[in-house]
file my_file21.txt (compact mmCIF, C-alpha atoms)
# COMPACT_ATOMS: atom_id res chain seq x y z
CA MET T 30 0.00 0.00 0.00
CA ALA T 31 1.30 3.44 -0.93
CA LYS T 32 2.41 5.62 1.93
CA ARG T 33 0.98 9.03 2.67
CA VAL T 34 2.86 12.28 2.29
CA TYR T 35 3.27 12.91 6.02
CA GLU T 36 4.84 9.46 6.45
CA VAL T 37 7.69 10.22 4.05
CA TRP T 38 7.96 13.92 4.88
CA LYS T 39 11.56 15.14 4.54
CA GLY T 40 11.20 18.05 6.93
CA SER T 41 11.69 17.93 10.70
CA ASN T 42 8.01 18.34 11.52
CA LYS T 43 5.97 16.08 13.76
CA PHE T 44 2.51 14.90 12.72
CA PHE T 45 -0.45 13.80 14.85
CA LEU T 46 -3.90 12.39 14.14
CA GLY T 47 -2.85 10.84 10.86
CA GLY T 48 -1.28 13.98 9.41
CA ARG T 49 -4.11 16.31 10.37
CA LEU T 50 -1.96 18.26 12.82
CA ILE T 51 1.56 19.39 11.99
CA PHE T 52 3.98 20.72 14.60
CA GLY T 53 7.59 21.78 14.60
CA PRO T 54 10.39 19.57 15.92
CA ASP T 55 10.30 21.41 19.27
CA ALA T 56 6.60 20.74 19.91
CA ARG T 57 7.36 19.72 23.50
CA SER T 58 7.82 23.39 24.37
CA LEU T 59 4.04 23.69 24.02
CA ILE T 60 3.69 21.91 27.37
CA VAL T 61 5.59 24.72 29.08
CA THR T 62 3.51 27.35 27.30
CA LEU T 63 0.27 25.63 28.31
CA LEU T 64 1.39 25.51 31.94
CA LEU T 65 2.32 29.20 31.89
CA ILE T 66 -1.21 30.04 30.72
CA ILE T 67 -3.42 27.53 32.54
CA ALA T 68 -1.75 27.47 35.97
CA PRO T 69 -2.17 31.23 36.72
CA VAL T 70 -5.79 31.14 35.56
CA ILE T 71 -6.59 28.21 37.86
CA ILE T 72 -4.98 30.05 40.80
CA PHE T 73 -6.98 33.15 39.90
CA CYS T 74 -10.31 31.31 39.77
CA VAL T 75 -9.72 29.45 43.05
CA PHE T 76 -8.22 32.17 45.25
CA VAL T 77 -9.43 35.43 43.69
CA GLY T 78 -12.43 35.01 41.38
CA ARG T 79 -14.28 32.79 43.84
CA HIS T 80 -14.27 35.58 46.44
CA LEU T 81 -15.01 38.36 43.99
CA ARG T 82 -18.31 36.77 42.91
CA HIS T 83 -19.82 37.83 46.27
CA LYS T 84 -18.71 41.43 45.86
CA PHE T 85 -21.14 41.95 42.97
CA SER T 86 -24.30 40.38 44.26
CA ALA T 87 -26.66 42.32 42.03
CA TYR T 88 -27.87 40.05 39.25
CA ASN T 89 -25.05 37.65 40.20
CA ALA T 90 -22.67 39.83 38.24
CA GLY T 91 -19.74 38.44 40.22
CA TYR T 92 -19.97 35.19 38.28
CA ALA T 93 -19.13 37.12 35.14
CA ILE T 94 -15.58 37.59 36.47
CA LEU T 95 -15.04 33.83 36.50
CA VAL T 96 -16.77 33.28 33.17
CA VAL T 97 -14.73 35.95 31.42
CA ALA T 98 -11.48 34.52 32.77
CA ILE T 99 -12.34 30.96 31.70
CA VAL T 100 -13.72 31.88 28.27
CA PHE T 101 -10.84 34.20 27.51
CA THR T 102 -8.35 31.51 28.50
CA ILE T 103 -10.03 29.01 26.18
CA TYR T 104 -9.86 31.59 23.39
CA VAL T 105 -6.12 32.04 23.95
CA LEU T 106 -5.56 28.27 23.91
CA VAL T 107 -7.48 27.92 20.64
CA LEU T 108 -5.32 30.60 19.07
CA LEU T 109 -2.24 28.80 20.35
CA LEU T 110 -3.43 25.57 18.72
CA LEU T 111 -4.21 27.32 15.42
CA THR T 112 -0.73 28.86 15.45
CA SER T 113 1.28 25.76 16.24
CA ALA T 114 -0.76 22.87 14.74
CA GLN T 115 -1.21 23.94 11.13
CA ASP T 116 0.90 24.42 8.03
CA PRO T 117 2.60 27.83 8.37
CA GLY T 118 3.03 28.14 4.59
CA ILE T 119 5.52 25.42 3.66
CA VAL T 120 6.59 25.45 0.01
CA PRO T 121 6.53 21.89 -1.41
CA ARG T 122 9.91 20.55 -2.39
CA ASN T 123 10.86 19.64 -5.92
CA LEU T 124 12.05 16.16 -6.72
CA HIS T 125 14.43 17.54 -9.36
CA PRO T 126 16.05 20.94 -9.96
CA PRO T 127 14.26 23.11 -12.53
CA GLU T 128 15.87 22.03 -15.80
CA GLU T 129 14.89 25.17 -17.65
CA GLU T 130 17.49 27.02 -15.58
CA PHE T 131 20.40 24.73 -16.55
CA ARG T 132 23.19 26.05 -18.74
CA TYR T 133 26.55 24.77 -19.92
CA ASP T 134 29.60 26.86 -19.11
CA MET T 135 32.71 26.25 -21.24
CA SER T 136 34.88 28.51 -19.08
CA THR T 137 34.57 26.16 -16.08
CA SER T 138 34.98 22.89 -17.98
CA VAL T 139 36.20 19.74 -16.28
CA GLU T 140 38.92 17.51 -17.78
CA ILE T 141 37.78 13.89 -17.99
CA GLY T 142 39.90 11.26 -19.74
CA GLY T 143 42.12 13.83 -21.45
CA ARG T 144 39.16 15.79 -22.81
CA GLN T 145 37.56 18.99 -21.62
CA THR T 146 33.90 18.52 -20.75
CA PRO T 147 31.69 21.60 -20.11
CA SER T 148 30.37 21.74 -16.54
CA LEU T 149 26.70 22.10 -15.70
CA GLN T 150 26.06 25.49 -14.14
CA PHE T 151 23.03 26.64 -12.17
CA PRO T 152 22.29 30.32 -11.42
CA ARG T 153 22.15 30.91 -7.68
CA THR T 154 19.81 33.89 -7.91
CA LYS T 155 17.35 35.43 -10.30
CA GLU T 156 15.21 38.54 -10.33
CA VAL T 157 11.42 38.80 -10.20
CA VAL T 158 9.22 41.88 -10.27
CA VAL T 159 7.16 42.76 -7.18
CA ASN T 160 4.94 45.86 -7.28
CA GLY T 161 6.96 47.16 -10.23
CA MET T 162 10.31 46.73 -8.45
CA PRO T 163 12.94 44.04 -9.15
CA VAL T 164 13.50 41.64 -6.26
CA ARG T 165 16.27 39.05 -6.18
CA VAL T 166 15.28 35.56 -5.06
CA LYS T 167 17.69 32.78 -4.11
CA TYR T 168 17.87 29.13 -5.01
CA CYS T 169 17.42 26.61 -2.16
CA ASP T 170 19.64 23.55 -2.54
CA THR T 171 17.63 21.57 0.02
CA CYS T 172 14.20 22.13 -1.52
CA MET T 173 15.59 22.42 -5.10
CA LEU T 174 13.54 25.50 -5.96
CA TYR T 175 13.77 29.25 -6.26
CA ARG T 176 12.25 30.67 -3.12
CA PRO T 177 9.29 32.98 -3.68
CA PRO T 178 9.70 36.58 -2.51
CA ARG T 179 9.78 36.90 1.31
CA CYS T 180 10.33 33.15 1.60
CA SER T 181 13.17 31.73 3.69
CA HIS T 182 14.41 28.29 4.68
CA CYS T 183 13.94 27.51 8.38
CA SER T 184 16.96 25.60 9.68
CA ILE T 185 14.95 24.16 12.58
CA CYS T 186 11.99 22.81 10.61
CA ASN T 187 14.10 22.24 7.46
CA ASN T 188 11.42 23.74 5.20
CA CYS T 189 11.05 26.79 3.00
CA VAL T 190 8.24 28.92 4.47
CA GLU T 191 6.37 31.65 2.60
CA ARG T 192 6.51 35.10 4.21
CA PHE T 193 8.78 33.67 6.87
CA ASP T 194 8.66 35.75 10.05
CA HIS T 195 10.57 33.65 12.59
CA HIS T 196 10.58 30.30 14.35
CA CYS T 197 8.89 30.68 17.72
CA PRO T 198 10.06 28.16 20.36
CA TRP T 199 7.09 29.03 22.62
CA VAL T 200 4.60 27.68 20.10
CA GLY T 201 6.97 25.10 18.60
CA GLN T 202 6.31 26.17 15.02
CA CYS T 203 7.45 28.50 12.25
CA ILE T 204 5.49 31.71 11.88
CA GLY T 205 4.71 32.35 8.24
CA LEU T 206 2.06 33.31 5.73
CA ARG T 207 -0.74 31.04 6.95
CA ASN T 208 -0.43 31.35 10.74
CA TYR T 209 0.95 34.85 11.32
CA ARG T 210 -2.52 36.25 11.91
CA TYR T 211 -3.23 33.67 14.62
CA PHE T 212 0.16 34.23 16.17
CA PHE T 213 -0.45 37.97 16.56
CA LEU T 214 -3.93 37.35 17.97
CA PHE T 215 -2.47 34.83 20.41
CA VAL T 216 0.19 37.26 21.64
CA SER T 217 -2.19 40.21 21.90
CA SER T 218 -4.87 38.11 23.61
CA SER T 219 -2.32 36.85 26.11
CA THR T 220 -1.47 40.47 26.83
CA LEU T 221 -5.13 41.27 27.50
CA LEU T 222 -5.46 38.19 29.71
CA CYS T 223 -2.48 39.30 31.79
CA ILE T 224 -3.98 42.76 32.17
CA TYR T 225 -7.34 41.27 33.20
CA VAL T 226 -5.87 38.96 35.84
CA PHE T 227 -3.63 41.72 37.17
CA ALA T 228 -6.56 44.16 37.43
CA MET T 229 -8.90 41.67 39.16
CA SER T 230 -6.18 40.69 41.64
CA ALA T 231 -5.55 44.34 42.49
CA LEU T 232 -9.31 44.87 42.87
CA TYR T 233 -9.53 41.98 45.32
CA ILE T 234 -6.71 43.48 47.44
CA LYS T 235 -8.66 46.74 47.47
CA PHE T 236 -11.73 44.92 48.79
CA VAL T 237 -9.63 43.22 51.48
CA MET T 238 -8.29 46.62 52.60
CA ASP T 239 -11.83 48.00 52.85
CA ASP T 240 -13.12 44.99 54.79
CA HIS T 241 -10.32 45.05 57.38
CA HIS T 242 -9.70 48.79 57.35
CA GLY T 243 -6.04 48.09 56.99
CA THR T 244 -3.14 49.04 54.83
CA VAL T 245 -1.96 47.62 51.53
CA TRP T 246 0.69 45.48 53.24
CA MET T 247 -1.87 43.95 55.53
CA ALA T 248 -4.15 43.17 52.59
CA MET T 249 -1.26 41.58 50.72
CA ARG T 250 -0.55 39.35 53.75
CA GLU T 251 -4.20 38.33 53.78
CA SER T 252 -4.15 37.25 50.11
CA PRO T 253 -0.69 36.01 49.00
CA PRO T 254 -2.07 34.42 45.79
CA SER T 255 -3.20 37.85 44.63
CA VAL T 256 0.31 39.22 45.12
CA ILE T 257 1.85 36.29 43.26
CA LEU T 258 -0.56 36.77 40.36
CA MET T 259 0.15 40.49 40.16
CA VAL T 260 3.92 39.94 40.08
CA TYR T 261 3.59 37.18 37.49
CA CYS T 262 1.33 39.22 35.22
CA PHE T 263 3.56 42.28 35.56
CA ILE T 264 6.60 40.32 34.40
CA SER T 265 4.67 38.62 31.60
CA LEU T 266 3.41 41.96 30.33
CA TRP T 267 6.96 43.03 29.56
CA PHE T 268 7.29 40.03 27.28
CA VAL T 269 3.94 39.60 25.55
CA GLY T 270 3.10 43.30 25.72
CA GLY T 271 6.41 44.31 24.15
CA LEU T 272 5.99 41.61 21.51
CA THR T 273 2.51 42.89 20.70
CA GLY T 274 3.77 46.44 20.23
CA PHE T 275 6.67 45.30 18.05
CA HIS T 276 4.40 43.30 15.75
CA LEU T 277 1.96 46.18 15.50
CA TYR T 278 4.85 48.19 14.08
CA LEU T 279 5.77 45.36 11.69
CA ILE T 280 2.21 45.03 10.44
CA GLY T 281 1.88 48.80 9.92
CA THR T 282 5.05 48.86 7.80
CA ASN T 283 4.43 45.45 6.16
CA GLN T 284 7.64 43.86 7.38
CA THR T 285 8.55 40.54 8.90
CA THR T 286 10.78 39.96 11.89
CA TYR T 287 13.34 38.31 9.60
CA GLU T 288 13.38 41.27 7.21
CA ASN T 289 13.54 43.82 10.01
CA PHE T 290 16.57 42.28 11.68
CA ARG T 291 18.43 41.33 8.49
CA TYR T 292 17.90 44.39 6.29
CA ARG T 293 17.66 47.05 8.97
CA ALA T 294 21.12 48.47 8.24
CA ASP T 295 20.83 48.23 4.45
CA ASN T 296 18.33 51.10 4.09
CA ARG T 297 16.46 49.15 1.43
CA VAL T 298 13.22 50.37 -0.06
CA ASN T 299 10.33 48.26 1.24
CA VAL T 300 8.58 47.19 -1.95
CA TYR T 301 5.81 45.46 0.06
CA ASP T 302 4.61 48.53 1.97
CA ARG T 303 1.16 49.53 0.68
CA GLY T 304 0.23 52.03 3.36
CA CYS T 305 -0.67 51.44 6.99
CA SER T 306 -4.38 50.74 6.49
CA ASN T 307 -3.84 48.45 3.52
CA ASN T 308 -1.13 46.60 5.41
CA PHE T 309 -3.52 45.85 8.30
CA ILE T 310 -6.21 44.78 5.83
CA GLU T 311 -3.74 42.40 4.17
CA VAL T 312 -3.00 40.66 7.48
CA PHE T 313 -6.43 40.54 9.14
CA CYS T 314 -9.01 40.72 6.35
CA LYS T 315 -7.63 38.61 3.53
CA LYS T 316 -8.72 35.01 3.34
CA THR T 317 -6.14 32.52 4.53
CA ARG T 318 -4.57 30.77 1.57
CA PRO T 319 -5.13 27.00 1.54
CA SER T 320 -2.15 24.78 2.24
CA ARG T 321 -0.03 23.79 -0.74
CA ASN T 322 0.70 20.42 0.86
CA LYS T 323 -1.71 17.49 0.98
CA PHE T 324 -0.23 15.66 3.94
CA ARG T 325 -2.83 12.89 3.91
CA SER T 326 -2.69 12.16 0.19
CA HIS T 327 -0.89 9.08 -1.10
CA VAL T 328 2.60 9.40 -2.48
CA GLN T 329 2.76 8.92 -6.23
CA GLU T 330 5.86 7.21 -7.55
CA GLU T 331 7.65 9.27 -10.17
CA PRO T 332 9.70 7.46 -12.84
CA GLN T 333 13.41 8.06 -13.03
CA ARG T 334 14.28 10.94 -15.31
CA PRO T 335 17.42 10.99 -17.48
CA PRO T 336 20.00 13.65 -16.72
CA PRO T 337 19.59 16.90 -18.65
CA GLN T 338 21.31 16.98 -22.03
CA LEU T 339 21.87 19.55 -24.70
CA SER T 340 18.85 19.77 -26.95
CA THR T 341 20.85 20.82 -30.04
CA ARG T 342 24.41 20.25 -31.22
CA ASP T 343 26.58 23.31 -30.88
CA PRO T 344 29.09 23.63 -33.78
CA GLN T 345 31.46 25.71 -31.67
CA MET T 346 31.44 23.10 -28.91
CA GLU T 347 32.14 20.33 -31.44
CA ASP T 348 35.07 22.31 -32.90
CA ALA T 349 36.43 22.89 -29.42
CA ARG T 350 36.27 19.18 -28.63
CA GLU T 351 38.04 18.29 -31.93
CA ASP T 352 40.79 20.83 -31.23
CA ARG T 353 41.30 19.35 -27.76
CA ARG T 354 41.51 15.83 -29.20
CA MET T 355 44.12 16.92 -31.77
CA LYS T 356 46.05 18.74 -29.04
CA VAL T 357 46.27 15.60 -26.94
CA GLU T 358 47.44 13.48 -29.91
CA ASP T 359 50.10 16.05 -30.90
CA ASP T 360 51.36 16.31 -27.34
CA LEU T 361 51.63 12.53 -27.05
CA GLU T 362 53.56 12.27 -30.35
CA LEU T 363 55.85 15.13 -29.36
CA GLY T 364 56.56 13.49 -26.01
CA GLY T 365 57.52 10.22 -27.73
CA ASP T 366 59.97 11.98 -30.06
CA LEU T 367 61.59 13.84 -27.18
CA LEU T 368 61.98 10.56 -25.32
CA LYS T 369 63.76 8.96 -28.31
CA ILE T 370 66.11 11.94 -28.63
CA SER T 371 66.93 11.80 -24.93
CA GLN T 372 67.66 8.06 -25.07
CA ARG T 373 69.92 8.37 -28.14
CA HIS T 374 71.74 11.32 -26.59
CA ASN T 375 72.40 9.32 -23.45
CA ASN T 376 73.72 6.34 -25.48
CA ILE T 377 76.18 8.52 -27.39
CA GLU T 378 77.44 10.11 -24.17
CA ASN T 379 78.00 6.68 -22.63
CA ILE T 380 79.99 5.51 -25.70
CA GLU T 381 82.16 8.62 -25.68
CA ALA T 382 82.90 8.26 -21.97
CA ASP T 383 83.83 4.59 -22.48
CA ILE T 384 86.22 5.47 -25.34
CA ARG T 385 87.94 8.18 -23.32
CA SER T 386 88.38 5.87 -20.31
CA ARG T 387 90.13 3.26 -22.45
CA GLY T 388 92.23 5.74 -24.43
CA SER T 389 95.06 5.68 -21.93
CA ASP T 390 95.40 1.84 -22.00
CA SER T 391 95.38 1.28 -25.79
CA GLY T 392 96.25 3.11 -28.96
CA PRO T 393 94.00 5.21 -31.06
CA HIS T 394 93.60 2.45 -33.59
CA ASN T 395 92.07 0.14 -31.02
CA ASN T 396 89.76 2.89 -29.89
CA SER T 397 88.55 3.33 -33.44
CA VAL T 398 87.96 -0.38 -33.82
CA GLU T 399 86.05 -0.57 -30.55
CA ALA T 400 83.96 2.44 -31.44
CA ASP T 401 83.14 0.88 -34.81
CA SER T 402 82.19 -2.37 -33.18
CA VAL T 403 79.92 -0.64 -30.69
CA LEU T 404 78.28 1.67 -33.15
CA GLY T 405 77.98 -0.98 -35.84
CA SER T 406 76.51 0.26 -39.00
CA ASP T 407 74.92 3.28 -37.37
CA ARG T 408 77.56 5.81 -38.49
CA ARG T 409 75.18 8.61 -39.33
CA PRO T 410 74.57 11.43 -36.86
CA PRO T 411 71.17 11.24 -35.21
CA THR T 412 68.44 13.33 -36.75
CA VAL T 413 65.00 14.30 -35.54
CA ARG T 414 62.17 14.15 -37.97
CA SER T 415 59.71 16.97 -38.20
CA ILE T 416 56.51 16.43 -36.23
CA SER T 417 54.54 18.99 -38.12
CA ASP T 418 52.43 16.65 -40.21
CA GLY T 419 49.97 19.34 -41.10
CA ARG T 420 48.90 19.69 -37.44
CA HIS T 421 49.62 22.64 -35.21
CA SER T 422 51.23 21.92 -31.88
CA SER T 423 49.57 23.47 -28.89
CA TRP T 424 52.96 24.49 -27.52
CA GLY T 425 53.22 27.22 -30.14
CA ARG T 426 56.78 26.35 -31.16
CA SER T 427 58.42 25.93 -34.61
CA GLN T 428 57.59 22.98 -36.77
CA SER T 429 61.15 21.42 -36.78
CA TRP T 430 63.48 20.47 -33.99
CA GLU T 431 67.28 21.02 -34.16
CA ILE T 432 69.82 18.75 -32.55
CA ALA T 433 71.51 20.19 -29.49
CA PRO T 434 75.12 21.44 -29.88
CA GLU T 435 76.33 18.74 -27.50
CA ILE T 436 75.19 16.03 -29.93
CA HIS T 437 77.02 17.71 -32.84
CA GLY T 438 80.16 17.88 -30.71
CA THR T 439 79.91 14.22 -29.87
CA ASN T 440 79.55 13.27 -33.56
CA SER T 441 82.62 15.31 -34.52
CA ASN T 442 84.71 13.67 -31.82
CA LEU T 443 83.71 10.24 -33.04
CA ALA T 444 84.62 11.19 -36.60
CA GLU T 445 88.04 12.44 -35.51
CA SER T 446 88.72 9.29 -33.57
CA ARG T 447 87.89 7.20 -36.62
CA GLY T 448 90.08 9.34 -38.88
CA TYR T 449 93.02 9.10 -36.51
CA GLY T 450 92.85 5.34 -36.41
CA ALA T 451 92.66 4.88 -40.21
CA PRO T 452 95.80 3.42 -41.96

call {"tool": "encode", "arguments": {"input": "my_file21.txt", "output": "structure tokens"}}
result
Amino acid sequence: MAKRVYEVWKGSNKFFLGGRLIFGPDARSLIVTLLLIIAPVIIFCVFVGRHLRHKFSAYNAGYAILVVAIVFTIYVLVLLLLTSAQDPGIVPRNLHPPEEEFRYDMSTSVEIGGRQTPSLQFPRTKEVVVNGMPVRVKYCDTCMLYRPPRCSHCSICNNCVERFDHHCPWVGQCIGLRNYRYFFLFVSSSTLLCIYVFAMSALYIKFVMDDHHGTVWMAMRESPPSVILMVYCFISLWFVGGLTGFHLYLIGTNQTTYENFRYRADNRVNVYDRGCSNNFIEVFCKKTRPSRNKFRSHVQEEPQRPPPQLSTRDPQMEDAREDRRMKVEDDLELGGDLLKISQRHNNIENIEADIRSRGSDSGPHNNSVEADSVLGSDRRPPTVRSISDGRHSSWGRSQSWEIAPEIHGTNSNLAESRGYGAP
């Protein structure tokens, strides 16, 4: 039976409920986030809200304090689930690089078997037009695609994500095109929840002061949970409140966290800014784009594709290959001739040295006889044939080779020795 897409997924994501829920690799951090939200609310309902319900006896309005806290907490948890358990905008990977972008580069050819083969080049970037302005997009080697504008590859999830904002460890998921709206609502709602709990805890301390006609310190000693909740909410407000304000600025200027931190010092023109009101409409009013990945669909086997080849024969490339082949043959022939010359030169030097070493022991006539016996019938001086058989050597030298002066000197000495020993 064919496997489903989520079962062979190449990213680092974790799937639950048969591929219906997708989380990041650090999904366990959600447990900490849930505890940080649920635990304070439970403490508030038990030690603060339960007593406040009697302070508003008219129409049982005090129960509204508990209901608001519980309902608002559920709303925050739903936003957290929508942020962390859905596709953030993952771009599907390609099984093969886009062949229409291939090109052959002769300048960076590779030598294989004595021949120069053109290497296959792939442009790392290309330009696209966004709102009438050119934008450079990069090629992703992992996903084998050109990333769309504002897309980036998350090293934690190992996926290319559209309109990548950042990877949030508190929700265990990338924040991108499809879940950024829910992420902002989650952060801003958490800010409001902190303000609500802080305000109700301070109100309860005020009621304790009025009931006991005491000071603030006495009221705080009477209700330690209220003090703990106020301190906790105050600290949390610096985090979620500051994050809410920062993302309000990003939405108003149509930026992402990634773009703001990376291109802040470049003073680039923001081609995506469409005005403050239009930027807010784009984030909150546009319909969420459906996922480009069908995680529950069955994987379809794709047949093996042959490697990309040149569609037409290039005459210049064929001429270049022929010239390289002729160059190799000429160089090999030239090397063989040089080797023969070197060997013959060495033989003549050895003969001359042998004759000189024996000259002191015997007369010149014997030397001539020995030289004739060694040389045999080879009495002609060595010559080197021309290697220019209508082909041009790649070394760029002349077409004929002259014998070195040392060889001429050796031949003359041999001739003199023969003439001296003649009757």

call {"tool": "axis_aligned_box", "arguments": {"input": "my_file21.txt", "around": "range 201-206 of chain T", "padding_each_side": "3 Å", "output": "JSON"}}
result
{"center_x": 4.8, "center_y": 29.2, "center_z": 12.2, "size_x": 11.4, "size_y": 14.2, "size_z": 18.9}

call {"tool": "atom_distance", "arguments": {"input": "my_file21.txt", "atom1": "CA of Val260 in chain T", "atom2": "CA of Ala56 in chain T"}}
result
28.0 Å

call {"tool": "atom_distance", "arguments": {"input": "my_file21.txt", "atom1": "CA of Leu109 in chain T", "atom2": "CA of Val96 in chain T"}}
result
19.9 Å

call {"tool": "residues_around", "arguments": {"input": "my_file21.txt", "residues": "range 117-125 of chain T", "least_positions_apart": "4", "cutoff": "7 Å", "atoms": "all atoms listed in the file", "output": "number ranges by chain"}}
result
T: 172-174, 188-191, 203-208, 320-322

call {"tool": "decode", "arguments": {"input": "my_file21.txt", "residues": "range 50-72 of chain T", "atoms": "N, CA and C atoms", "output": "compact mmCIF listing (two decimals), in the first residue's frame"}}
result
# COMPACT_ATOMS: atom_id res chain seq x y z
N LEU T 50 -2.62 17.22 12.05
CA LEU T 50 -1.96 18.26 12.82
C LEU T 50 -0.46 18.19 12.54
N ILE T 51 0.13 19.31 12.26
CA ILE T 51 1.56 19.39 11.99
C ILE T 51 2.20 20.37 12.95
N PHE T 52 3.25 19.90 13.64
CA PHE T 52 3.98 20.72 14.60
C PHE T 52 5.45 20.80 14.18
N GLY T 53 6.17 21.69 14.82
CA GLY T 53 7.59 21.78 14.60
C GLY T 53 8.33 20.71 15.39
N PRO T 54 9.63 20.59 15.19
CA PRO T 54 10.39 19.57 15.92
C PRO T 54 10.47 19.83 17.41
N ASP T 55 10.27 21.07 17.85
CA ASP T 55 10.30 21.41 19.27
C ASP T 55 8.89 21.57 19.83
N ALA T 56 8.00 20.66 19.46
CA ALA T 56 6.60 20.74 19.91
C ALA T 56 6.46 20.54 21.40
N ARG T 57 7.46 19.94 22.06
CA ARG T 57 7.36 19.72 23.50
C ARG T 57 7.33 21.03 24.28
N SER T 58 7.86 22.10 23.69
CA SER T 58 7.82 23.39 24.37
C SER T 58 6.39 23.88 24.57
N LEU T 59 5.44 23.32 23.83
CA LEU T 59 4.04 23.69 24.02
C LEU T 59 3.56 23.34 25.42
N ILE T 60 4.11 22.29 26.00
CA ILE T 60 3.69 21.91 27.37
C ILE T 60 4.03 23.03 28.34
N VAL T 61 5.21 23.61 28.20
CA VAL T 61 5.59 24.72 29.08
C VAL T 61 4.68 25.91 28.86
N THR T 62 4.39 26.22 27.60
CA THR T 62 3.51 27.35 27.30
C THR T 62 2.11 27.13 27.87
N LEU T 63 1.60 25.93 27.75
CA LEU T 63 0.27 25.63 28.31
C LEU T 63 0.27 25.80 29.83
N LEU T 64 1.33 25.35 30.48
CA LEU T 64 1.39 25.51 31.94
C LEU T 64 1.46 26.98 32.34
N LEU T 65 2.20 27.77 31.58
CA LEU T 65 2.32 29.20 31.89
C LEU T 65 1.00 29.94 31.71
N ILE T 66 0.09 29.39 30.93
CA ILE T 66 -1.21 30.04 30.72
C ILE T 66 -2.26 29.48 31.67
N ILE T 67 -2.33 28.16 31.77
CA ILE T 67 -3.42 27.53 32.54
C ILE T 67 -3.22 27.66 34.03
N ALA T 68 -1.99 27.46 34.52
CA ALA T 68 -1.75 27.47 35.97
C ALA T 68 -2.15 28.81 36.61
N PRO T 69 -1.75 29.97 36.08
CA PRO T 69 -2.17 31.23 36.72
C PRO T 69 -3.69 31.42 36.70
N VAL T 70 -4.34 30.97 35.62
CA VAL T 70 -5.79 31.14 35.56
C VAL T 70 -6.49 30.27 36.61
N ILE T 71 -6.00 29.07 36.83
CA ILE T 71 -6.59 28.21 37.86
C ILE T 71 -6.41 28.84 39.24
N ILE T 72 -5.22 29.37 39.52
CA ILE T 72 -4.98 30.05 40.80
C ILE T 72 -5.91 31.25 40.94
